[in-house]
Structure formats: structure tokens, C-alpha cells
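K.L.:
What follows is protein.txt, made up of compact mmCIF, N, CA and C atoms:
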```txt
# COMPACT_ATOMS: atom_id res chain seq x y z
N MET X 22 12.68 17.31 -7.56
CA MET X 22 11.77 16.60 -6.69
C MET X 22 10.74 17.56 -6.10
N LEU X 23 9.53 17.10 -6.05
CA LEU X 23 8.46 17.93 -5.49
C LEU X 23 8.54 18.04 -3.97
N THR X 24 9.27 17.14 -3.35
CA THR X 24 9.31 17.11 -1.89
C THR X 24 10.59 17.70 -1.31
N ALA X 25 11.36 18.41 -2.09
CA ALA X 25 12.63 18.96 -1.61
C ALA X 25 12.43 19.95 -0.47
N HIS X 26 11.30 20.61 -0.44
CA HIS X 26 11.03 21.61 0.59
C HIS X 26 10.31 21.04 1.82
N PHE X 27 10.05 19.72 1.84
CA PHE X 27 9.32 19.12 2.96
C PHE X 27 10.11 19.21 4.26
N THR X 28 9.43 19.61 5.31
CA THR X 28 10.00 19.54 6.65
C THR X 28 9.66 18.18 7.23
N LEU X 29 10.15 17.90 8.42
CA LEU X 29 9.85 16.63 9.07
C LEU X 29 8.34 16.51 9.33
N THR X 30 7.69 17.61 9.64
CA THR X 30 6.24 17.60 9.86
C THR X 30 5.50 17.21 8.58
N HIS X 31 5.95 17.74 7.46
CA HIS X 31 5.34 17.37 6.18
C HIS X 31 5.48 15.87 5.92
N TRP X 32 6.66 15.32 6.23
CA TRP X 32 6.87 13.89 6.01
C TRP X 32 5.97 13.07 6.92
N TRP X 33 5.77 13.51 8.16
CA TRP X 33 4.86 12.79 9.05
C TRP X 33 3.44 12.82 8.52
N ILE X 34 3.01 13.96 8.02
CA ILE X 34 1.66 14.05 7.45
C ILE X 34 1.52 13.14 6.24
N ALA X 35 2.53 13.15 5.36
CA ALA X 35 2.50 12.27 4.18
C ALA X 35 2.49 10.80 4.60
N ALA X 36 3.23 10.45 5.64
CA ALA X 36 3.27 9.07 6.11
C ALA X 36 1.92 8.65 6.68
N ILE X 37 1.26 9.53 7.40
CA ILE X 37 -0.06 9.22 7.94
C ILE X 37 -1.06 9.02 6.81
N VAL X 38 -1.02 9.88 5.81
CA VAL X 38 -1.92 9.74 4.66
C VAL X 38 -1.64 8.42 3.92
N ALA X 39 -0.36 8.11 3.71
CA ALA X 39 -0.01 6.85 3.04
C ALA X 39 -0.46 5.64 3.85
N GLY X 40 -0.31 5.71 5.17
CA GLY X 40 -0.76 4.62 6.03
C GLY X 40 -2.27 4.43 5.98
N LEU X 41 -3.01 5.53 5.98
CA LEU X 41 -4.46 5.44 5.89
C LEU X 41 -4.90 4.89 4.53
N ALA X 42 -4.19 5.29 3.48
CA ALA X 42 -4.49 4.76 2.13
C ALA X 42 -4.24 3.26 2.09
N LEU X 43 -3.15 2.81 2.69
CA LEU X 43 -2.87 1.37 2.72
C LEU X 43 -3.91 0.65 3.55
N ALA X 44 -4.31 1.22 4.68
CA ALA X 44 -5.33 0.59 5.51
C ALA X 44 -6.64 0.42 4.75
N ALA X 45 -7.04 1.45 4.01
CA ALA X 45 -8.26 1.36 3.21
C ALA X 45 -8.13 0.31 2.11
N ALA X 46 -6.96 0.25 1.48
CA ALA X 46 -6.74 -0.72 0.41
C ALA X 46 -6.76 -2.15 0.94
N VAL X 47 -6.09 -2.37 2.06
CA VAL X 47 -5.99 -3.72 2.61
C VAL X 47 -7.34 -4.20 3.16
N GLN X 48 -8.02 -3.34 3.87
CA GLN X 48 -9.30 -3.77 4.45
C GLN X 48 -10.34 -4.04 3.38
N SER X 49 -10.21 -3.41 2.22
CA SER X 49 -11.19 -3.65 1.15
C SER X 49 -11.01 -5.02 0.52
N LEU X 50 -9.91 -5.69 0.79
CA LEU X 50 -9.67 -7.02 0.24
C LEU X 50 -10.23 -8.12 1.12
N ALA X 51 -10.53 -7.83 2.36
CA ALA X 51 -11.07 -8.83 3.28
C ALA X 51 -12.56 -9.03 3.03
N THR X 52 -13.05 -10.21 3.36
CA THR X 52 -14.46 -10.51 3.10
C THR X 52 -15.34 -10.40 4.33
N ARG X 53 -14.78 -10.56 5.53
CA ARG X 53 -15.57 -10.46 6.76
C ARG X 53 -15.17 -9.21 7.53
N PRO X 54 -16.13 -8.60 8.25
CA PRO X 54 -15.81 -7.39 9.01
C PRO X 54 -14.65 -7.56 9.99
N ARG X 55 -14.60 -8.68 10.67
CA ARG X 55 -13.50 -8.93 11.62
C ARG X 55 -12.16 -8.95 10.88
N ASP X 56 -12.13 -9.60 9.73
CA ASP X 56 -10.89 -9.67 8.95
C ASP X 56 -10.48 -8.30 8.43
N LYS X 57 -11.46 -7.47 8.09
CA LYS X 57 -11.16 -6.11 7.63
C LYS X 57 -10.43 -5.33 8.71
N LEU X 58 -10.94 -5.42 9.92
CA LEU X 58 -10.34 -4.71 11.04
C LEU X 58 -8.94 -5.23 11.33
N ILE X 59 -8.80 -6.54 11.37
CA ILE X 59 -7.49 -7.14 11.65
C ILE X 59 -6.49 -6.75 10.58
N ALA X 60 -6.89 -6.80 9.32
CA ALA X 60 -5.98 -6.47 8.22
C ALA X 60 -5.51 -5.02 8.31
N ALA X 61 -6.44 -4.13 8.47
CA ALA X 61 -6.09 -2.71 8.50
C ALA X 61 -5.22 -2.36 9.70
N VAL X 62 -5.60 -2.84 10.86
CA VAL X 62 -4.87 -2.48 12.08
C VAL X 62 -3.50 -3.15 12.15
N SER X 63 -3.44 -4.43 11.78
CA SER X 63 -2.17 -5.15 11.94
C SER X 63 -1.11 -4.66 10.96
N ILE X 64 -1.46 -4.53 9.70
CA ILE X 64 -0.46 -4.14 8.71
C ILE X 64 -0.01 -2.70 8.92
N VAL X 65 -0.95 -1.79 8.99
CA VAL X 65 -0.59 -0.39 9.15
C VAL X 65 -0.05 -0.13 10.55
N GLY X 66 -0.60 -0.77 11.53
CA GLY X 66 -0.12 -0.58 12.90
C GLY X 66 1.32 -1.05 13.08
N ALA X 67 1.63 -2.21 12.54
CA ALA X 67 2.98 -2.75 12.68
C ALA X 67 3.99 -1.87 11.93
N THR X 68 3.68 -1.52 10.70
CA THR X 68 4.63 -0.69 9.95
C THR X 68 4.70 0.72 10.52
N GLY X 69 3.58 1.24 10.98
CA GLY X 69 3.58 2.57 11.59
C GLY X 69 4.37 2.60 12.89
N LEU X 70 4.22 1.55 13.70
CA LEU X 70 4.96 1.48 14.96
C LEU X 70 6.46 1.39 14.69
N TYR X 71 6.83 0.56 13.74
CA TYR X 71 8.25 0.44 13.39
C TYR X 71 8.79 1.79 12.90
N THR X 72 8.02 2.46 12.05
CA THR X 72 8.47 3.75 11.53
C THR X 72 8.60 4.77 12.66
N ALA X 73 7.64 4.77 13.58
CA ALA X 73 7.70 5.72 14.69
C ALA X 73 8.93 5.45 15.56
N LEU X 74 9.23 4.18 15.80
CA LEU X 74 10.39 3.86 16.62
C LEU X 74 11.70 4.20 15.91
N ARG X 75 11.76 3.89 14.62
CA ARG X 75 12.97 4.19 13.84
C ARG X 75 13.03 5.67 13.46
N GLY X 76 11.88 6.33 13.52
CA GLY X 76 11.81 7.70 13.06
C GLY X 76 12.18 8.74 14.08
N SER X 77 12.77 8.33 15.16
CA SER X 77 13.18 9.32 16.14
C SER X 77 14.66 9.63 15.92
N GLY X 78 15.01 10.87 16.07
CA GLY X 78 16.41 11.27 15.94
C GLY X 78 16.82 11.53 14.50
N GLU X 79 18.05 11.16 14.19
CA GLU X 79 18.66 11.47 12.91
C GLU X 79 17.97 10.81 11.72
N GLY X 80 17.50 9.59 11.89
CA GLY X 80 16.95 8.84 10.76
C GLY X 80 15.47 9.05 10.51
N ALA X 81 14.89 10.05 11.14
CA ALA X 81 13.44 10.24 11.04
C ALA X 81 12.98 10.47 9.61
N ARG X 82 13.61 11.37 8.92
CA ARG X 82 13.20 11.70 7.55
C ARG X 82 13.31 10.47 6.64
N GLN X 83 14.41 9.75 6.74
CA GLN X 83 14.60 8.58 5.89
C GLN X 83 13.61 7.47 6.25
N ALA X 84 13.34 7.27 7.53
CA ALA X 84 12.38 6.24 7.94
C ALA X 84 10.99 6.56 7.39
N LEU X 85 10.60 7.82 7.44
CA LEU X 85 9.30 8.21 6.92
C LEU X 85 9.24 8.06 5.40
N GLN X 86 10.32 8.42 4.72
CA GLN X 86 10.36 8.26 3.27
C GLN X 86 10.25 6.80 2.87
N LEU X 87 10.93 5.93 3.59
CA LEU X 87 10.85 4.50 3.29
C LEU X 87 9.47 3.95 3.59
N PHE X 88 8.86 4.41 4.66
CA PHE X 88 7.49 3.98 4.98
C PHE X 88 6.55 4.37 3.85
N ILE X 89 6.64 5.60 3.38
CA ILE X 89 5.79 6.07 2.29
C ILE X 89 6.06 5.27 1.03
N LEU X 90 7.33 5.04 0.74
CA LEU X 90 7.70 4.28 -0.45
C LEU X 90 7.21 2.84 -0.38
N GLY X 91 7.07 2.30 0.82
CA GLY X 91 6.57 0.94 0.98
C GLY X 91 5.06 0.83 0.97
N THR X 92 4.37 1.86 1.43
CA THR X 92 2.92 1.76 1.57
C THR X 92 2.15 2.36 0.39
N LEU X 93 2.57 3.49 -0.08
CA LEU X 93 1.81 4.18 -1.12
C LEU X 93 1.70 3.39 -2.42
N PRO X 94 2.76 2.74 -2.90
CA PRO X 94 2.60 1.96 -4.13
C PRO X 94 1.56 0.85 -3.99
N LEU X 95 1.48 0.22 -2.83
CA LEU X 95 0.49 -0.84 -2.64
C LEU X 95 -0.93 -0.29 -2.70
N ALA X 96 -1.15 0.87 -2.11
CA ALA X 96 -2.48 1.49 -2.16
C ALA X 96 -2.83 1.90 -3.59
N ILE X 97 -1.86 2.44 -4.32
CA ILE X 97 -2.11 2.85 -5.71
C ILE X 97 -2.39 1.63 -6.58
N LEU X 98 -1.64 0.55 -6.37
CA LEU X 98 -1.88 -0.67 -7.15
C LEU X 98 -3.24 -1.26 -6.85
N ARG X 99 -3.71 -1.12 -5.63
CA ARG X 99 -5.06 -1.60 -5.29
C ARG X 99 -6.10 -0.88 -6.15
N LEU X 100 -5.89 0.41 -6.38
CA LEU X 100 -6.79 1.16 -7.25
C LEU X 100 -6.65 0.74 -8.72
N LEU X 101 -5.41 0.54 -9.16
CA LEU X 101 -5.18 0.17 -10.55
C LEU X 101 -5.77 -1.20 -10.90
N PHE X 102 -5.73 -2.12 -9.96
CA PHE X 102 -6.23 -3.47 -10.20
C PHE X 102 -7.59 -3.71 -9.55
N ALA X 103 -8.36 -2.66 -9.37
CA ALA X 103 -9.66 -2.77 -8.69
C ALA X 103 -10.61 -3.72 -9.40
N GLY X 104 -10.67 -3.67 -10.71
CA GLY X 104 -11.58 -4.55 -11.45
C GLY X 104 -11.25 -6.01 -11.26
N TYR X 105 -9.99 -6.36 -11.40
CA TYR X 105 -9.55 -7.75 -11.23
C TYR X 105 -9.83 -8.22 -9.81
N LEU X 106 -9.48 -7.41 -8.83
CA LEU X 106 -9.69 -7.80 -7.44
C LEU X 106 -11.18 -7.90 -7.11
N ARG X 107 -11.99 -7.04 -7.69
CA ARG X 107 -13.43 -7.10 -7.47
C ARG X 107 -13.99 -8.44 -7.98
N ARG X 108 -13.53 -8.86 -9.17
CA ARG X 108 -13.99 -10.15 -9.72
C ARG X 108 -13.55 -11.32 -8.83
N GLN X 109 -12.32 -11.27 -8.34
CA GLN X 109 -11.83 -12.35 -7.48
C GLN X 109 -12.61 -12.41 -6.17
N LEU X 110 -12.89 -11.26 -5.58
CA LEU X 110 -13.66 -11.24 -4.33
C LEU X 110 -15.09 -11.70 -4.54
N ALA X 111 -15.66 -11.36 -5.70
CA ALA X 111 -17.02 -11.82 -6.00
C ALA X 111 -17.06 -13.35 -6.11
N LEU X 112 -16.05 -13.93 -6.72
CA LEU X 112 -15.98 -15.40 -6.81
C LEU X 112 -15.88 -16.00 -5.41
N LYS X 113 -15.04 -15.43 -4.58
CA LYS X 113 -14.85 -15.96 -3.23
C LYS X 113 -16.13 -15.84 -2.41
N ARG X 114 -16.80 -14.70 -2.52
CA ARG X 114 -18.04 -14.50 -1.75
C ARG X 114 -19.16 -15.43 -2.21
N SER X 115 -19.13 -15.81 -3.49
CA SER X 115 -20.16 -16.71 -4.01
C SER X 115 -19.85 -18.17 -3.72
N GLY X 116 -18.69 -18.43 -3.10
CA GLY X 116 -18.35 -19.79 -2.73
C GLY X 116 -17.54 -20.53 -3.79
N GLN X 117 -17.23 -19.87 -4.88
CA GLN X 117 -16.44 -20.49 -5.94
C GLN X 117 -14.96 -20.26 -5.67
N ALA X 118 -14.14 -21.04 -6.36
CA ALA X 118 -12.69 -20.87 -6.21
C ALA X 118 -12.24 -19.65 -7.01
N MET X 119 -11.28 -18.93 -6.44
CA MET X 119 -10.74 -17.79 -7.16
C MET X 119 -9.86 -18.30 -8.30
N GLU X 120 -9.75 -17.50 -9.34
CA GLU X 120 -8.94 -17.87 -10.49
C GLU X 120 -7.46 -17.81 -10.12
N ASP X 121 -6.67 -18.72 -10.68
CA ASP X 121 -5.22 -18.67 -10.48
C ASP X 121 -4.66 -17.52 -11.31
N ILE X 122 -3.66 -16.86 -10.76
CA ILE X 122 -3.03 -15.75 -11.47
C ILE X 122 -2.10 -16.33 -12.55
N THR X 123 -2.17 -15.77 -13.72
CA THR X 123 -1.35 -16.26 -14.83
C THR X 123 0.01 -15.56 -14.82
N GLY X 124 0.93 -16.10 -15.58
CA GLY X 124 2.24 -15.48 -15.71
C GLY X 124 2.15 -14.09 -16.29
N ARG X 125 1.25 -13.90 -17.25
CA ARG X 125 1.06 -12.57 -17.86
C ARG X 125 0.56 -11.57 -16.83
N GLN X 126 -0.39 -11.99 -16.00
CA GLN X 126 -0.92 -11.11 -14.96
C GLN X 126 0.17 -10.77 -13.94
N GLN X 127 1.01 -11.73 -13.61
CA GLN X 127 2.12 -11.46 -12.69
C GLN X 127 3.08 -10.45 -13.30
N ALA X 128 3.37 -10.60 -14.58
CA ALA X 128 4.28 -9.67 -15.25
C ALA X 128 3.69 -8.27 -15.28
N ILE X 129 2.39 -8.17 -15.56
CA ILE X 129 1.73 -6.86 -15.59
C ILE X 129 1.76 -6.23 -14.20
N PHE X 130 1.48 -7.02 -13.17
CA PHE X 130 1.51 -6.49 -11.82
C PHE X 130 2.91 -6.00 -11.46
N PHE X 131 3.92 -6.80 -11.76
CA PHE X 131 5.30 -6.41 -11.44
C PHE X 131 5.70 -5.14 -12.18
N ALA X 132 5.35 -5.06 -13.47
CA ALA X 132 5.68 -3.86 -14.25
C ALA X 132 4.97 -2.64 -13.69
N ALA X 133 3.71 -2.80 -13.30
CA ALA X 133 2.96 -1.69 -12.71
C ALA X 133 3.57 -1.28 -11.38
N PHE X 134 3.97 -2.26 -10.58
CA PHE X 134 4.60 -1.97 -9.30
C PHE X 134 5.88 -1.16 -9.48
N VAL X 135 6.72 -1.60 -10.40
CA VAL X 135 7.97 -0.89 -10.67
C VAL X 135 7.69 0.53 -11.16
N ALA X 136 6.71 0.67 -12.06
CA ALA X 136 6.37 2.00 -12.59
C ALA X 136 5.86 2.93 -11.49
N VAL X 137 5.04 2.42 -10.60
CA VAL X 137 4.51 3.23 -9.50
C VAL X 137 5.63 3.64 -8.54
N VAL X 138 6.49 2.69 -8.19
CA VAL X 138 7.60 3.02 -7.29
C VAL X 138 8.52 4.07 -7.92
N ILE X 139 8.86 3.89 -9.18
CA ILE X 139 9.73 4.87 -9.86
C ILE X 139 9.05 6.23 -9.91
N SER X 140 7.75 6.26 -10.18
CA SER X 140 7.03 7.52 -10.21
C SER X 140 7.07 8.23 -8.86
N ILE X 141 6.89 7.47 -7.80
CA ILE X 141 6.90 8.07 -6.47
C ILE X 141 8.31 8.58 -6.13
N VAL X 142 9.33 7.81 -6.48
CA VAL X 142 10.70 8.23 -6.20
C VAL X 142 11.04 9.51 -6.96
N VAL X 143 10.62 9.61 -8.21
CA VAL X 143 10.92 10.77 -9.02
C VAL X 143 10.19 12.01 -8.50
N LEU X 144 8.95 11.81 -8.09
CA LEU X 144 8.18 12.95 -7.59
C LEU X 144 8.63 13.31 -6.19
```
What do you get writing this file as C-alpha cells?
P.N.:
Amino acid sequence: MLTAHFTLTHWWIAAIVAGLALAAAVQSLATRPRDKLIAAVSIVGATGLYTALRGSGEGARQALQLFILGTLPLAILRLLFAGYLRRQLALKRSGQAMEDITGRQQAIFFAAFVAVVISIVVL
């Protein structure tokens, strides 16, 4: 594992970076400025607050690892599916209905999610 030498400070830094990456990913999906702010602050704020509360004492390292494992894959998937999401947002902004997700697209998303999570766990 690449993180075997991480101290608690390193885990906090990684958690902050993962939280900021998730905030950027989530806010980029909103269409109005107010919604962007609400999305970024509420999702990252709630998970960050929970991690900070659970991250005191003995379980700090594990709480931070779980936070990173929960947030980083979502931010990475936002990058991987940027083209698809860009098309969907363009349809919404133009007033048209967004396309329904197909079973194949769901399977691809799930497979990508599993691959990203496994990659992060291994590294």
C-alpha cells in the first residue's frame, strides 16, 4: 500500500483534498449558482462534519479512510463521465428533457465505480 507510512496528519490532508474534489464535482452538476453552493456545502459539509466528529480519538484514522473511500471515487467518476454529464446538463439548460439512463449505462457506471473503489483500496 502506498499509504502505509501515512500519519494522522497525512490522512487529514488527504481527506480535505478528497472533500474539495467532491465539492468541485458536485457543484459542477448544478445548473444555478445557488444550487451549486448548496450542493457543495451540504454534501461535503455534512460528511466532513460527521468525519470530524467520528475522527476524534481511536477511530480517527479509520474514519478518515472511510471518508476518502466514500468521496474520492465519486469525484473520479465525475471526471470519467464528464462527456455524458455535459450532454445531459446541456439538454437541461436548453429546456429539453434529459435522456433516461439505459441498463447498459448503469452497468458501465457500476463497473467503473467498483474499479475505482478497488483501485483506491489497493493504492
K.L.:
Which residue, X:Ala36, X:Thr24, X:Ala96, X:Val143, has the smallest gap to Ala81 of chain X when you use only C-alpha atoms?
P.N.:
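When distances to Ala81 of chain X are compared using only C-alpha atoms, the smallest one comes from X:Ala36.
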K.L.:
Of the candidates X:Leu43, X:Ala51, X:Ala133, X:Leu85, which shows the shortest atom-to-atom distance to Ile64 of chain X, using all atoms listed in the file?
P.N.:
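Distance minimum relative to Ile64 of chain X lands on X:Leu43.
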K.L.:
One decimal, in Å: what's the spacing between atom C of Gly91 of chain X and atom CA of Ala111 of chain X?
P.N.:
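Calculated distance between atom C of Gly91 of chain X and atom CA of Ala111 of chain X is 26.4 Å.
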K.L.:
Could you check how far atom CA of Ile141 of chain X sits from atom N of Phe102 of chain X, in Å to one decimal?
P.N.:
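Value for the atom CA of Ile141 of chain X-atom N of Phe102 of chain X distance: 16.6 Å.
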K.L.:
Just give me the gap between atom CA of Arg82 of chain X and atom N of Thr68 of chain X in Å, one decimal is fine.
P.N.:
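Atom CA of Arg82 of chain X sits 16.6 Å away from atom N of Thr68 of chain X.
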K.L.:
Using only C-alpha atoms, determine which residues lie at most 10 Å from Gly66 of chain X, disregarding the query and same-chain residues fewer than 6 positions distant; provide the list as a list in words.
P.N.:
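Near neighbours after the sequence-gap exclusion: Gly40, Ala44, Ile59, Ala60 and Thr72 of chain X.
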K.L.:
Going by DSSP on the backbone, which residues of chain X come out as helix (DSSP H, G or I)? List them as a count of residues only.
P.N.:
98
K.L.:
Given the choices X:Leu50, X:Val65, X:Ala39, X:Leu58, which gets closest to Leu106 of chain X if the distance is worked out from all atoms listed in the file?
P.N.:
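Under the stated criterion, the closest residue is X:Leu50.
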